[in-house]
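Containing compact mmCIF, C-alpha atoms: work.txt.
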# COMPACT_ATOMS: atom_id res chain seq x y z
CA MET F 19 -59.19 -41.24 -14.59
CA GLU F 20 -57.39 -38.71 -16.72
CA LEU F 21 -56.15 -35.36 -15.49
CA LEU F 22 -58.31 -32.37 -16.40
CA TYR F 23 -56.89 -29.00 -17.51
CA VAL F 24 -53.48 -30.42 -18.37
CA HIS F 25 -52.25 -27.11 -19.79
CA GLU F 26 -52.71 -25.41 -16.43
CA HIS F 27 -50.18 -27.86 -14.98
CA THR F 28 -47.62 -27.94 -17.79
CA SER F 29 -47.55 -24.15 -18.17
CA CYS F 30 -46.97 -23.50 -14.45
CA LYS F 31 -43.48 -22.25 -13.53
CA HIS F 32 -43.28 -25.00 -10.90
CA TYR F 33 -43.80 -27.78 -13.47
CA ILE F 34 -40.84 -30.19 -13.47
CA SER F 35 -39.75 -30.41 -17.11
CA ASP F 36 -36.16 -31.69 -16.90
CA PHE F 37 -36.90 -34.60 -14.51
CA GLN F 38 -33.64 -33.98 -12.67
CA SER F 39 -35.56 -33.83 -9.41
CA GLY F 40 -38.73 -35.27 -7.90
CA PHE F 41 -40.42 -38.58 -8.65
CA THR F 42 -40.57 -40.40 -11.99
CA LEU F 43 -41.90 -43.73 -13.21
CA ARG F 44 -39.29 -45.90 -14.95
CA THR F 45 -39.39 -49.12 -16.93
CA LEU F 46 -36.32 -51.00 -18.15
CA ALA F 47 -36.40 -53.92 -20.56
CA LYS F 48 -34.08 -56.85 -19.91
CA ASN F 49 -30.42 -55.82 -20.39
CA GLU F 50 -31.33 -52.14 -20.80
CA ILE F 51 -28.98 -49.74 -19.03
CA LEU F 52 -29.86 -46.52 -17.23
CA HIS F 53 -26.89 -44.21 -16.57
CA LEU F 54 -27.15 -42.18 -13.37
CA ASN F 55 -24.58 -39.42 -12.92
CA GLN F 56 -25.09 -38.42 -9.30
CA LYS F 57 -23.62 -35.04 -8.47
CA LYS F 58 -24.99 -33.44 -5.33
CA ASP F 59 -28.29 -35.33 -5.69
CA PHE F 60 -29.30 -38.66 -4.17
CA ALA F 61 -31.34 -41.23 -6.07
CA VAL F 62 -33.89 -43.51 -4.43
CA ILE F 63 -35.18 -46.50 -6.40
CA PHE F 64 -38.42 -48.18 -5.31
CA LEU F 65 -38.22 -51.45 -7.26
CA GLU F 66 -41.72 -52.86 -7.66
CA LYS F 67 -41.11 -55.49 -10.34
CA GLY F 68 -38.09 -57.31 -11.73
CA SER F 69 -34.45 -57.12 -10.66
CA ILE F 70 -31.61 -54.74 -11.46
CA PHE F 71 -27.84 -54.71 -11.11
CA LEU F 72 -26.30 -51.47 -9.81
CA THR F 73 -22.60 -50.67 -10.13
CA ASP F 74 -20.30 -47.67 -9.82
CA HIS F 75 -17.58 -49.63 -11.71
CA ALA F 76 -15.10 -48.88 -8.93
CA THR F 77 -16.01 -49.82 -5.38
CA GLU F 78 -19.45 -51.38 -5.17
CA SER F 79 -22.00 -53.43 -7.09
CA LYS F 80 -25.31 -54.86 -5.86
CA THR F 81 -28.28 -56.75 -7.23
CA ILE F 82 -31.63 -55.29 -6.16
CA TYR F 83 -34.74 -57.43 -6.21
CA SER F 84 -38.42 -56.52 -6.44
CA HIS F 85 -40.13 -55.02 -3.38
CA HIS F 86 -36.93 -53.37 -2.22
CA ILE F 87 -35.91 -49.74 -1.93
CA CYS F 88 -32.34 -48.53 -2.41
CA LEU F 89 -30.52 -45.25 -1.89
CA LEU F 90 -27.66 -44.26 -4.21
CA THR F 91 -25.04 -41.99 -2.65
CA ASN F 92 -24.40 -38.59 -4.22
CA TYR F 93 -21.24 -37.58 -6.15
CA ILE F 94 -21.01 -41.04 -7.74
CA SER F 95 -21.97 -42.27 -11.23
CA TYR F 96 -23.88 -45.54 -11.47
CA ASP F 97 -25.05 -47.90 -14.17
CA CYS F 98 -28.44 -49.50 -13.53
CA ILE F 99 -28.73 -52.67 -15.62
CA ALA F 100 -32.01 -54.58 -15.86
CA ILE F 101 -31.50 -58.29 -15.20
CA GLU F 102 -35.11 -58.78 -16.29
CA ASP F 103 -37.94 -56.48 -17.30
CA SER F 104 -38.22 -54.08 -14.39
CA VAL F 105 -40.57 -51.36 -13.15
CA PHE F 106 -39.68 -48.82 -10.49
CA THR F 107 -40.41 -45.38 -9.15
CA MET F 108 -37.38 -43.16 -8.74
CA LEU F 109 -36.89 -40.10 -6.55
CA ILE F 110 -34.06 -37.61 -7.15
CA PHE F 111 -33.41 -35.12 -4.36
CA ASP F 112 -30.62 -32.97 -2.99
CA LYS F 113 -31.73 -32.61 0.64
CA PRO F 114 -35.10 -32.74 2.41
CA ALA F 115 -37.25 -29.88 1.14
CA ILE F 116 -38.90 -29.39 4.54
CA LEU F 117 -36.77 -28.38 7.53
CA CYS F 118 -38.60 -30.68 9.95
CA ASP F 119 -37.56 -33.67 7.84
CA LYS F 120 -33.92 -32.57 7.96
CA TYR F 121 -33.98 -32.32 11.76
CA SER F 122 -35.68 -35.72 12.02
CA LEU F 123 -32.90 -37.29 9.96
CA MET F 124 -30.22 -35.56 12.01
CA ALA F 125 -31.74 -37.07 15.16
CA LEU F 126 -30.98 -40.55 13.78
CA SER F 127 -27.22 -40.04 14.11
CA ARG F 128 -27.10 -41.75 17.53
CA TYR F 129 -28.41 -44.97 15.93
CA THR F 130 -25.82 -45.12 13.15
CA LEU F 131 -23.56 -48.17 12.99
CA PRO F 132 -20.32 -48.31 10.95
CA SER F 133 -20.88 -49.15 7.28
CA THR F 134 -19.09 -48.29 4.04
CA ASP F 135 -22.07 -49.15 1.81
CA LYS F 136 -22.72 -46.58 -0.90
CA ILE F 137 -25.77 -48.48 -2.16
CA ARG F 138 -28.14 -48.94 0.78
CA VAL F 139 -31.10 -51.33 0.59
CA LEU F 140 -34.22 -51.99 2.66
CA PRO F 141 -37.40 -54.00 1.97
CA ILE F 142 -40.48 -52.07 0.86
CA LYS F 143 -43.07 -52.35 3.64
CA LYS F 144 -46.84 -52.21 3.15
CA PRO F 145 -47.29 -48.49 3.95
CA ILE F 146 -44.65 -47.65 1.32
CA GLU F 147 -46.47 -49.86 -1.21
CA SER F 148 -49.66 -47.87 -0.58
CA PHE F 149 -47.71 -44.64 -0.94
CA LEU F 150 -46.30 -45.80 -4.30
CA ASP F 151 -49.78 -46.72 -5.57
CA GLY F 152 -50.89 -43.14 -4.93
CA MET F 153 -47.70 -41.74 -6.44
CA LYS F 154 -48.30 -43.69 -9.65
CA LEU F 155 -51.68 -41.97 -10.04
CA TYR F 156 -49.96 -38.58 -10.04
CA LEU F 157 -47.10 -39.63 -12.30
CA SER F 158 -49.19 -41.50 -14.87
CA ASN F 159 -51.23 -38.29 -15.24
CA LYS F 160 -48.08 -36.16 -15.63
CA MET F 161 -48.62 -34.24 -12.40
CA TYR F 162 -45.06 -32.95 -12.12
CA CYS F 163 -45.58 -29.96 -9.84
CA SER F 164 -42.46 -29.37 -7.73
CA HIS F 165 -44.59 -28.35 -4.73
CA LEU F 166 -46.56 -31.60 -4.94
CA HIS F 167 -43.36 -33.64 -5.20
CA ASP F 168 -41.89 -31.86 -2.16
CA ILE F 169 -45.02 -32.76 -0.19
CA LYS F 170 -44.86 -36.39 -1.37
CA GLU F 171 -41.16 -36.58 -0.52
CA SER F 172 -41.99 -35.40 3.00
CA GLU F 173 -44.81 -37.96 3.24
CA TRP F 174 -42.38 -40.74 2.26
CA LEU F 175 -39.88 -39.60 4.90
CA PHE F 176 -42.73 -39.54 7.45
CA LEU F 177 -43.63 -43.14 6.57
CA MET F 178 -40.01 -44.19 6.88
CA ARG F 179 -39.94 -42.72 10.38
CA GLY F 180 -43.20 -44.41 11.29
CA PHE F 181 -42.71 -47.94 9.99
CA TYR F 182 -38.97 -48.65 10.00
CA LEU F 183 -36.76 -49.16 13.03
CA LYS F 184 -34.53 -46.20 13.84
CA GLU F 185 -31.49 -48.40 13.23
CA GLU F 186 -32.84 -49.25 9.75
CA SER F 187 -33.50 -45.60 8.93
CA ALA F 188 -30.12 -44.51 10.32
CA TYR F 189 -28.39 -47.05 8.07
CA PHE F 190 -30.42 -46.13 5.01
CA PHE F 191 -30.16 -42.34 5.35
CA HIS F 192 -26.60 -42.09 6.65
CA PRO F 193 -25.23 -40.66 3.34
CA VAL F 194 -27.98 -38.01 3.40
CA MET F 195 -27.17 -37.12 6.98
CA LYS F 196 -23.48 -36.71 6.05
CA SER F 197 -24.43 -34.25 3.31
CA PHE F 198 -25.75 -31.80 5.92
CA SER F 199 -22.10 -31.00 6.73
CA GLU F 200 -20.81 -27.97 4.79
CA LEU F 201 -17.27 -29.38 4.91
CA TYR F 202 -18.44 -32.68 3.44
CA VAL F 203 -20.18 -30.93 0.54
CA LEU F 204 -17.21 -28.64 -0.24
CA VAL F 205 -14.77 -31.56 -0.22
CA LYS F 206 -16.99 -33.74 -2.40
CA GLU F 207 -17.55 -30.94 -4.92
CA ASN F 208 -13.88 -29.97 -5.26
CA TYR F 209 -11.46 -32.77 -4.35
CA LEU F 210 -11.17 -34.17 -7.87
CA HIS F 211 -9.84 -30.93 -9.33
CA VAL F 212 -7.44 -29.54 -6.72
CA LYS F 213 -3.67 -29.88 -6.97
CA SER F 214 -2.97 -30.03 -3.22
CA VAL F 215 -4.52 -30.41 0.21
CA GLN F 216 -3.59 -26.78 0.84
CA GLU F 217 -5.73 -25.70 -2.14
CA LEU F 218 -8.69 -27.72 -0.88
CA ALA F 219 -8.28 -26.23 2.60
CA GLY F 220 -8.43 -22.76 1.04
CA ILE F 221 -11.66 -23.61 -0.78
CA CYS F 222 -13.08 -24.66 2.60
CA ASN F 223 -11.93 -21.33 4.13
CA MET F 224 -9.63 -23.00 6.67
CA ASN F 225 -5.93 -23.02 7.41
CA LEU F 226 -4.19 -26.33 6.78
CA LYS F 227 -4.00 -27.39 10.44
CA THR F 228 -7.70 -26.76 11.13
CA PHE F 229 -8.73 -28.35 7.85
CA THR F 230 -6.70 -31.51 8.54
CA ARG F 231 -8.25 -31.87 11.99
CA ARG F 232 -11.80 -31.26 10.77
CA PHE F 233 -11.26 -33.55 7.78
CA LYS F 234 -10.14 -36.44 9.99
CA GLU F 235 -13.22 -35.95 12.16
CA GLU F 236 -15.51 -35.99 9.12
CA PHE F 237 -13.89 -38.65 6.91
CA ASN F 238 -11.90 -40.71 9.44
CA ASP F 239 -8.77 -40.40 7.29
CA SER F 240 -6.04 -37.91 6.44
CA PRO F 241 -6.86 -35.53 3.54
CA LYS F 242 -3.87 -36.60 1.44
CA HIS F 243 -4.58 -40.34 1.73
CA TRP F 244 -8.34 -39.96 1.24
CA ILE F 245 -7.94 -37.81 -1.89
CA LEU F 246 -5.37 -40.23 -3.33
CA ILE F 247 -7.68 -43.22 -2.88
CA GLU F 248 -10.80 -41.45 -4.17
CA LYS F 249 -9.03 -39.98 -7.22
CA SER F 250 -7.61 -43.39 -8.11
CA LYS F 251 -11.11 -44.85 -8.36
CA HIS F 252 -12.17 -42.23 -10.92
CA ILE F 253 -8.91 -42.41 -12.87
CA GLU F 254 -9.10 -46.19 -13.18
CA ILE F 255 -12.56 -45.82 -14.69
CA GLU F 256 -11.25 -43.17 -17.12
CA LEU F 257 -8.41 -45.48 -18.19
CA THR F 258 -10.80 -48.36 -18.94
CA LYS F 259 -13.20 -46.11 -20.89
CA ASN F 260 -10.44 -44.96 -23.30
CA GLU F 261 -12.35 -41.76 -24.07
CA LEU F 262 -9.60 -39.32 -22.98
CA ASN F 263 -5.84 -39.45 -23.56
CA LEU F 264 -3.40 -39.30 -20.64
CA SER F 265 -2.82 -35.56 -21.02
CA GLU F 266 -6.57 -34.87 -20.87
CA ILE F 267 -7.03 -37.11 -17.81
CA SER F 268 -4.06 -35.39 -16.14
CA GLU F 269 -5.63 -31.97 -16.68
CA LYS F 270 -9.13 -33.12 -15.66
CA TYR F 271 -7.94 -34.39 -12.27
CA GLY F 272 -5.70 -31.49 -11.35
CA PHE F 273 -2.18 -32.89 -11.77
CA ASN F 274 0.62 -30.33 -11.96
CA SER F 275 2.09 -31.84 -15.13
CA THR F 276 1.89 -34.85 -17.41
CA SER F 277 5.15 -36.17 -15.90
CA HIS F 278 3.59 -35.93 -12.42
CA PHE F 279 0.60 -37.89 -13.72
CA HIS F 280 2.88 -40.57 -15.26
CA HIS F 281 4.61 -40.94 -11.89
CA TYR F 282 1.19 -41.30 -10.25
CA LEU F 283 0.19 -44.01 -12.77
CA LYS F 284 3.42 -45.89 -12.08
CA ASN F 285 2.64 -45.91 -8.36
CA LEU F 286 -0.95 -46.92 -9.09
CA SER F 287 0.30 -49.83 -11.19
CA SER F 288 2.62 -50.90 -8.36
CA ARG F 289 -0.26 -50.89 -5.88
CA ARG F 290 -2.33 -53.02 -8.27
CA SER F 291 0.53 -55.54 -8.55
CA MET F 292 0.86 -55.71 -4.77
CA VAL F 293 -2.88 -56.38 -4.42
CA ARG F 294 -2.76 -59.12 -7.07
CA TYR F 295 0.31 -60.67 -5.45
In structure tokens, what does this structure look like?
Amino acid sequence: MELLYVHEHTSCKHYISDFQSGFTLRTLAKNEILHLNQKKDFAVIFLEKGSIFLTDHATESKTIYSHHICLLTNYISYDCIAIEDSVFTMLIFDKPAILCDKYSLMALSRYTLPSTDKIRVLPIKKPIESFLDGMKLYLSNKMYCSHLHDIKESEWLFLMRGFYLKEESAYFFHPVMKSFSELYVLVKENYLHVKSVQELAGICNMNLKTFTRRFKEEFNDSPKHWILIEKSKHIEIELTKNELNLSEISEKYGFNSTSHFHHYLKNLSSRRSMVRY
């Protein structure tokens, strides 16, 4: 069937035109690359056919096979490379649109086990397959109403609660649950561009002592060490891309001076040598 009165949908103010949120249907030919620049949004890939290779070029890479669902953590850029012709539905969302869904995810915290995975994968179970079949009807007919997509997002979360073990859901949604913390969001949005821990503490409206304590509780690391490690991942990617000169990279990542950045690179090179040795 084809959708009737298409103009009534496309002219509505709630029509999703930029596809930066909600559900979309995607196809990738073999070796085709999809670039995903995740800021505050999460991406969920429901892979129905084919296989894809996901990488952030810094800390993690995974191959995802058909009939699997994966969650991509926010504030990270990924390349999605098709190993073979692939078909998938993708959901982009910031946080659950319905408050009940947020509280249901928060209740999973007691089932969370330690994991550093930024790409989290589960098999697609039968109820999710049925959900995707219905979703394809909407998407193939260009039904991109934001209200509809919020409802379908909530339905998917409901199915995840109903047909996956709590331990499975806690593992899968752990990055989403972390994003409910205001401190976590402020740190993730600003750490790349600050010149000191003191500056980041100010952005978070805390004195240095309180910020350090709260940071260790949230990230299980000291602010200085965590920022150093996380910045190094991004800078190493910048150096391999060769798109910016050293002065531009220094400015982009909040170094006090080019000489300070050169000193940082020297230390980074030493750490690389120690790892190789």
I'd like the interatomic distance between CA of Leu150 in chain F and CA of Thr107 in chain F, to a tenth of an Å. 7.6 Å
Got a sec: who's within 10 Å of Ala47 in chain F, counting all atoms listed in the file, leaving out chain neighbours fewer than 5 positions off, as a list in words?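 So the residues in contact are Gly68, Ile99, Ala100, Ile101, Glu102, Asp103, Ser104 and Val105 of chain F.
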Pull the closest atom pair for each residue of range 157-204 of chain F that gets at most 12 Å from range 48-61 of chain F, along with the distance in Å to one decimal, counting all atoms listed in the file, ordering rows by chain and then ascending residue number, as a Markdown table.
| residue | atom | partner | partner_atom | distance |
| --- | --- | --- | --- | --- |
| F:Phe190 | CA | F:Phe60 | CA | 11.9 |
| F:Phe191 | CA | F:Phe60 | CA | 10.2 |
| F:His192 | CA | F:Phe60 | CA | 11.7 |
| F:Pro193 | CA | F:Phe60 | CA | 8.8 |
| F:Val194 | CA | F:Phe60 | CA | 7.7 |
| F:Met195 | CA | F:Phe60 | CA | 11.5 |
| F:Lys196 | CA | F:Phe60 | CA | 11.9 |
| F:Ser197 | CA | F:Lys58 | CA | 8.7 |
| F:Phe198 | CA | F:Lys58 | CA | 11.4 |
| F:Tyr202 | CA | F:Lys58 | CA | 11.0 |
| F:Val203 | CA | F:Lys58 | CA | 8.0 |
| F:Leu204 | CA | F:Lys58 | CA | 10.5 |
Nearest candidate to Thr130 in chain F (options F:Ser199, F:Ser265, F:Ser187, F:Asn238; using only C-alpha atoms):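 Of F:Ser199, F:Ser265, F:Ser187, F:Asn238, the one nearest Thr130 in chain F is F:Ser187, counting only C-alpha atoms.
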Skip His75 in chain F itself and residues of its chain fewer than 3 positions away, then list as a PyMOL selection string all residues within 12 Å of it, counting only C-alpha atoms. chain F and resi 53+71-72+78-80+94-98+251-259
Pick from F:His167, F:Ser250, F:Glu147, F:Leu109: nearest to Lys284 in chain F, with all atoms listed in the file counted?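 Closest to Lys284 in chain F, using all atoms listed in the file: F:Ser250.
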Between CA of Tyr93 in chain F and CA of Leu126 in chain F, what is the distance, to one decimal in Å?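 Value for the CA of Tyr93 in chain F-CA of Leu126 in chain F distance: 22.4 Å.
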Contacts of Lys213 in chain F at 7 Å (all atoms listed in the file; same-chain gap of 4+ positions) as a PyMOL selection string: chain F and resi 217+272-274
Selection near Lys144 in chain F, 12 Å with only C-alpha atoms, sequence-local residues under 6 positions removed, as a list in words: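 The filter keeps Glu66, His85, His86, Leu150, Asp151, Leu177, Met178, Gly180, Phe181 and Tyr182 of chain F.
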Residue with smallest distance to Ile267 in chain F - pool F:Phe106, F:Phe279, F:Phe64, F:Phe237, counting all atoms listed in the file: F:Phe279
Taking all listed atoms of range 112-117 of chain F, build the axis-aligned box, pad each of the six sides by 6 Å, then write its centre and edge lengths in Å to one decimal as lines of an AutoDock Vina configuration file.
center_x = -34.8
center_y = -30.7
center_z = 2.3
size_x = 20.3
size_y = 16.6
size_z = 22.5
Residues within 12 Å of range 242-244 of chain F, all atoms listed in the file, excluding chain neighbours under 3 positions, as a ChimeraX atom specification: /F:205-206,209-210,212-219,226,229-230,233-234,236-239,247-251
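Each of F:Ile221, F:Ile137, F:Ile142, F:Leu262 was compared to Tyr189 in chain F using all atoms listed in the file, and F:Ile137 turns out to be the nearest.
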Which value, in Å to one decimal, gives the distance between CA of Glu261 in chain F and CA of Asn208 in chain F?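 Between CA of Glu261 in chain F and CA of Asn208 in chain F the gap is 22.3 Å.
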Go through F:Asn223, F:Ser240, F:Ser172, F:Asn263 one by one, measure the shortest atom-to-atom distance of each to Asp119 in chain F using only C-alpha atoms, and give the residue with the smallest value.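 So, comparing all the options, the nearest one is F:Ser172.
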From the structure block, carefully write range 228-262 of chain F out with N, CA and C atoms; format it as a tab-separated table (two decimals), in the first residue's frame.
chain	number	residue	atom	x	y	z
F	228	THR	N	35.21	19.42	45.16
F	228	THR	CA	33.95	18.72	44.95
F	228	THR	C	33.91	18.07	43.57
F	229	PHE	N	34.40	18.80	42.57
F	229	PHE	CA	34.41	18.26	41.21
F	229	PHE	C	35.27	17.00	41.14
F	230	THR	N	36.45	17.03	41.73
F	230	THR	CA	37.35	15.87	41.69
F	230	THR	C	36.69	14.65	42.34
F	231	ARG	N	36.04	14.87	43.47
F	231	ARG	CA	35.36	13.76	44.16
F	231	ARG	C	34.22	13.20	43.31
F	232	ARG	N	33.38	14.11	42.80
F	232	ARG	CA	32.24	13.67	41.98
F	232	ARG	C	32.71	13.00	40.69
F	233	PHE	N	33.78	13.53	40.11
F	233	PHE	CA	34.32	12.97	38.87
F	233	PHE	C	34.79	11.53	39.10
F	234	LYS	N	35.51	11.30	40.18
F	234	LYS	CA	36.00	9.95	40.47
F	234	LYS	C	34.84	8.98	40.67
F	235	GLU	N	33.77	9.45	41.29
F	235	GLU	CA	32.59	8.61	41.48
F	235	GLU	C	31.95	8.25	40.13
F	236	GLU	N	31.93	9.21	39.22
F	236	GLU	CA	31.25	9.02	37.93
F	236	GLU	C	32.10	8.26	36.92
F	237	PHE	N	33.41	8.59	36.85
F	237	PHE	CA	34.27	8.04	35.80
F	237	PHE	C	35.32	7.05	36.31
F	238	ASN	N	35.37	6.85	37.63
F	238	ASN	CA	36.31	5.90	38.22
F	238	ASN	C	37.76	6.22	37.85
F	239	ASP	N	38.08	7.51	37.81
F	239	ASP	CA	39.43	7.96	37.46
F	239	ASP	C	39.57	9.40	37.92
F	240	SER	N	40.82	9.88	38.00
F	240	SER	CA	41.02	11.29	38.32
F	240	SER	C	40.72	12.14	37.08
F	241	PRO	N	40.26	13.38	37.24
F	241	PRO	CA	39.96	14.22	36.07
F	241	PRO	C	41.17	14.42	35.16
F	242	LYS	N	42.31	14.71	35.75
F	242	LYS	CA	43.51	14.99	34.94
F	242	LYS	C	43.90	13.80	34.09
F	243	HIS	N	43.95	12.60	34.69
F	243	HIS	CA	44.35	11.41	33.95
F	243	HIS	C	43.32	11.05	32.88
F	244	TRP	N	42.04	11.13	33.24
F	244	TRP	CA	40.97	10.77	32.29
F	244	TRP	C	41.00	11.69	31.08
F	245	ILE	N	41.12	13.00	31.31
F	245	ILE	CA	41.14	13.96	30.20
F	245	ILE	C	42.36	13.72	29.31
F	246	LEU	N	43.50	13.45	29.92
F	246	LEU	CA	44.72	13.19	29.16
F	246	LEU	C	44.55	12.00	28.22
F	247	ILE	N	43.99	10.91	28.75
F	247	ILE	CA	43.80	9.70	27.95
F	247	ILE	C	42.78	9.93	26.84
F	248	GLU	N	41.66	10.56	27.18
F	248	GLU	CA	40.61	10.77	26.18
F	248	GLU	C	41.05	11.74	25.09
F	249	LYS	N	41.75	12.81	25.46
F	249	LYS	CA	42.24	13.76	24.45
F	249	LYS	C	43.23	13.08	23.51
F	250	SER	N	44.07	12.21	24.06
F	250	SER	CA	45.09	11.56	23.24
F	250	SER	C	44.47	10.72	22.12
F	251	LYS	N	43.32	10.12	22.42
F	251	LYS	CA	42.64	9.31	21.39
F	251	LYS	C	42.24	10.18	20.21
F	252	HIS	N	41.65	11.34	20.50
F	252	HIS	CA	41.21	12.24	19.43
F	252	HIS	C	42.39	12.84	18.69
F	253	ILE	N	43.43	13.19	19.40
F	253	ILE	CA	44.59	13.82	18.77
F	253	ILE	C	45.31	12.85	17.85
F	254	GLU	N	45.41	11.59	18.27
F	254	GLU	CA	46.05	10.59	17.41
F	254	GLU	C	45.29	10.43	16.10
F	255	ILE	N	43.96	10.49	16.16
F	255	ILE	CA	43.16	10.43	14.94
F	255	ILE	C	43.42	11.64	14.07
F	256	GLU	N	43.49	12.83	14.68
F	256	GLU	CA	43.78	14.07	13.93
F	256	GLU	C	45.13	13.98	13.24
F	257	LEU	N	46.13	13.43	13.92
F	257	LEU	CA	47.47	13.33	13.34
F	257	LEU	C	47.49	12.39	12.14
F	258	THR	N	46.72	11.31	12.19
F	258	THR	CA	46.70	10.37	11.07
F	258	THR	C	45.90	10.91	9.89
F	259	LYS	N	44.92	11.78	10.16
F	259	LYS	CA	44.09	12.33	9.08
F	259	LYS	C	44.84	13.38	8.27
F	260	ASN	N	45.80	14.08	8.88
F	260	ASN	CA	46.59	15.11	8.19
F	260	ASN	C	45.75	16.22	7.58
F	261	GLU	N	44.62	16.53	8.21
F	261	GLU	CA	43.76	17.60	7.69
F	261	GLU	C	44.07	18.95	8.33
F	262	LEU	N	44.62	18.93	9.56
F	262	LEU	CA	44.95	20.15	10.28
F	262	LEU	C	46.44	20.15	10.60
